[in-house]
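*Asks:* One file: coords-v8.tsv (TSV, C-alpha atoms).
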chain	number	residue	atom	x	y	z
A	1	MET	CA	50.18	27.27	-27.85
A	2	ASP	CA	51.54	26.20	-31.25
A	3	ASN	CA	54.56	23.95	-31.53
A	4	PRO	CA	57.80	25.86	-32.17
A	5	THR	CA	59.38	25.76	-35.64
A	6	GLU	CA	62.78	26.90	-34.32
A	7	ILE	CA	64.52	26.67	-30.93
A	8	ASN	CA	67.57	28.61	-29.75
A	9	SER	CA	69.68	25.66	-28.63
A	10	VAL	CA	72.64	25.81	-26.25
A	11	TYR	CA	75.51	23.33	-26.52
A	12	TRP	CA	78.94	22.87	-24.97
A	13	ASP	CA	81.87	23.79	-27.23
A	14	GLU	CA	84.83	21.66	-26.18
A	15	GLU	CA	87.37	23.87	-28.00
A	16	THR	CA	86.47	27.11	-26.24
A	17	LYS	CA	85.20	25.39	-23.05
A	18	SER	CA	82.05	27.52	-23.08
A	19	TRP	CA	78.37	27.41	-23.98
A	20	LYS	CA	77.45	28.31	-27.57
A	21	TYR	CA	74.06	28.98	-29.14
A	22	LYS	CA	72.52	28.14	-32.48
A	23	MET	CA	69.01	28.16	-33.92
A	24	ILE	CA	67.69	24.65	-34.56
A	25	LYS	CA	64.92	23.96	-37.08
A	26	VAL	CA	62.28	21.70	-35.49
A	27	ASP	CA	60.80	18.95	-37.68
A	28	GLU	CA	58.67	17.25	-34.98
A	29	TYR	CA	57.93	18.57	-31.50
A	30	HIS	CA	57.08	16.17	-28.65
A	31	GLY	CA	57.05	18.38	-25.54
A	32	PHE	CA	59.64	19.59	-23.05
A	33	ILE	CA	61.06	19.14	-19.55
A	34	GLN	CA	60.85	22.18	-17.30
A	35	CYS	CA	63.25	23.55	-14.69
A	36	GLN	CA	62.13	22.74	-11.16
A	37	TYR	CA	63.12	26.25	-10.02
A	38	CYS	CA	61.77	28.68	-12.64
A	39	HIS	CA	59.43	26.29	-14.53
A	40	GLN	CA	60.85	27.27	-17.93
A	41	PRO	CA	61.93	24.63	-20.51
A	42	ILE	CA	65.43	23.21	-20.05
A	43	SER	CA	65.18	20.51	-22.71
A	44	HIS	CA	62.87	19.88	-25.63
A	45	ASN	CA	61.99	16.50	-27.10
A	46	VAL	CA	62.26	17.21	-30.82
A	47	LYS	CA	63.23	15.43	-33.99
A	48	THR	CA	65.58	17.39	-36.22
A	49	ASN	CA	68.55	16.12	-38.21
A	50	ASP	CA	68.48	12.87	-36.16
A	51	GLU	CA	68.83	14.78	-32.85
A	52	PHE	CA	66.14	14.11	-30.27
A	53	ILE	CA	66.99	16.40	-27.33
A	54	VAL	CA	67.82	20.07	-27.71
A	55	TYR	CA	68.93	21.96	-24.62
A	56	VAL	CA	68.04	25.55	-23.84
A	57	LYS	CA	69.00	27.78	-20.92
A	58	CYS	CA	66.15	28.41	-18.54
A	59	ARG	CA	65.38	31.76	-16.93
A	60	CYS	CA	67.41	31.03	-13.79
A	61	SER	CA	70.35	29.52	-15.78
A	62	ARG	CA	71.04	26.64	-13.41
A	63	ILE	CA	72.23	24.35	-16.21
Show me, as structure tokens, the structure contained in the file I just sent.
*Replies:*
Amino acid sequence: MDNPTEINSVYWDEETKSWKYKMIKVDEYHGFIQCQYCHQPISHNVKTNDEFIVYVKCRCSRI
């Protein structure tokens, strides 16, 4: 599997008190951590705009 060039990231918006999504361009990809329930990625170790962890919602949405 090739490394992703973009990831649909989820982040907490303090103003609206809800989860928001945005596409993040990936400069360097260094793997991921998977959900213990559905085994899908819940965080990715990437380097992009000085951010190193990008969160995503897994299939079971337990985050």
*Asks:* Can you list, as a list in words, every protein, DNA or RNA residue that comes within 12 Å of A:Lys25 when you count all atoms listed in the file, leaving out same-chain residues fewer than 5 positions away?
*Replies:* Asn3, Pro4, Thr5, Glu6, Ile7, Asn8, Ser9, Val46, Lys47, Thr48, Asn49, Asp50, Glu51 and Val54 of chain A
*Asks:* Within 10 Å of (60.0, 22.2, -21.5), in the coordinates the file gives, what residues turn up when you count all atoms listed in the file, written out as a short mmCIF file (atom, residue, chain, number, x, y, z; two decimals) with C-alpha atoms, keeping the file's coordinate frame?
*Replies:*
data_model
loop_
_atom_site.label_atom_id
_atom_site.label_comp_id
_atom_site.auth_asym_id
_atom_site.auth_seq_id
_atom_site.Cartn_x
_atom_site.Cartn_y
_atom_site.Cartn_z
CA HIS A 30 57.08 16.17 -28.65
CA GLY A 31 57.05 18.38 -25.54
CA PHE A 32 59.64 19.59 -23.05
CA ILE A 33 61.06 19.14 -19.55
CA GLN A 34 60.85 22.18 -17.30
CA CYS A 35 63.25 23.55 -14.69
CA HIS A 39 59.43 26.29 -14.53
CA GLN A 40 60.85 27.27 -17.93
CA PRO A 41 61.93 24.63 -20.51
CA ILE A 42 65.43 23.21 -20.05
CA SER A 43 65.18 20.51 -22.71
CA HIS A 44 62.87 19.88 -25.63
CA ASN A 45 61.99 16.50 -27.10
CA TYR A 55 68.93 21.96 -24.62
CA VAL A 56 68.04 25.55 -23.84
CA CYS A 58 66.15 28.41 -18.54
#
*Asks:* What does the distance between atom CA of A:Ile53 and atom CA of A:Val10 come to in Å, to one decimal place?
*Replies:*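 Result for atom CA of A:Ile53 versus atom CA of A:Val10: 11.0 Å, one decimal.
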*Asks:* At what distance in Å, to one decimal, does atom CA of A:Met23 lie from atom CA of A:Lys57?
*Replies:* 13.0 Å
*Asks:* What does the distance between atom CA of A:Ser18 and atom CA of A:Phe52 come to in Å, to one decimal place?
*Replies:*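 Separation between atom CA of A:Ser18 and atom CA of A:Phe52: 22.0 Å.
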*Asks:* Please reconstruct the missing atoms of stretch 38-54 of chain A (target: N, CA and C atoms) and return them as a tab-separated table (two decimals), keeping the file's coordinate frame.
*Replies:*
chain	number	residue	atom	x	y	z
A	38	CYS	N	62.47	27.57	-11.98
A	38	CYS	CA	61.77	28.68	-12.64
A	38	CYS	C	60.65	28.21	-13.56
A	39	HIS	N	60.50	26.90	-13.73
A	39	HIS	CA	59.43	26.29	-14.53
A	39	HIS	C	59.48	26.67	-16.01
A	40	GLN	N	60.65	27.02	-16.51
A	40	GLN	CA	60.85	27.27	-17.93
A	40	GLN	C	61.48	26.02	-18.55
A	41	PRO	N	61.34	25.81	-19.87
A	41	PRO	CA	61.93	24.63	-20.51
A	41	PRO	C	63.44	24.58	-20.38
A	42	ILE	N	63.99	23.40	-20.04
A	42	ILE	CA	65.43	23.21	-20.05
A	42	ILE	C	65.84	22.19	-21.12
A	43	SER	N	64.90	21.37	-21.57
A	43	SER	CA	65.18	20.51	-22.71
A	43	SER	C	63.88	20.27	-23.46
A	44	HIS	N	64.01	20.12	-24.77
A	44	HIS	CA	62.87	19.88	-25.63
A	44	HIS	C	63.04	18.53	-26.30
A	45	ASN	N	61.97	17.78	-26.40
A	45	ASN	CA	61.99	16.50	-27.10
A	45	ASN	C	61.56	16.76	-28.54
A	46	VAL	N	62.53	16.88	-29.42
A	46	VAL	CA	62.26	17.21	-30.82
A	46	VAL	C	62.98	16.23	-31.73
A	47	LYS	N	62.52	16.19	-32.97
A	47	LYS	CA	63.23	15.43	-33.99
A	47	LYS	C	63.69	16.43	-35.04
A	48	THR	N	64.99	16.53	-35.21
A	48	THR	CA	65.58	17.39	-36.22
A	48	THR	C	66.98	16.89	-36.54
A	49	ASN	N	67.24	16.61	-37.77
A	49	ASN	CA	68.55	16.12	-38.21
A	49	ASN	C	69.06	14.97	-37.33
A	50	ASP	N	68.17	14.04	-36.99
A	50	ASP	CA	68.48	12.87	-36.16
A	50	ASP	C	68.87	13.21	-34.73
A	51	GLU	N	68.63	14.42	-34.25
A	51	GLU	CA	68.83	14.78	-32.85
A	51	GLU	C	67.47	14.74	-32.17
A	52	PHE	N	67.42	14.23	-30.95
A	52	PHE	CA	66.14	14.11	-30.27
A	52	PHE	C	66.00	15.00	-29.05
A	53	ILE	N	67.09	15.49	-28.47
A	53	ILE	CA	66.99	16.40	-27.33
A	53	ILE	C	67.80	17.65	-27.66
A	54	VAL	N	67.16	18.79	-27.49
A	54	VAL	CA	67.82	20.07	-27.71
A	54	VAL	C	67.77	20.83	-26.40
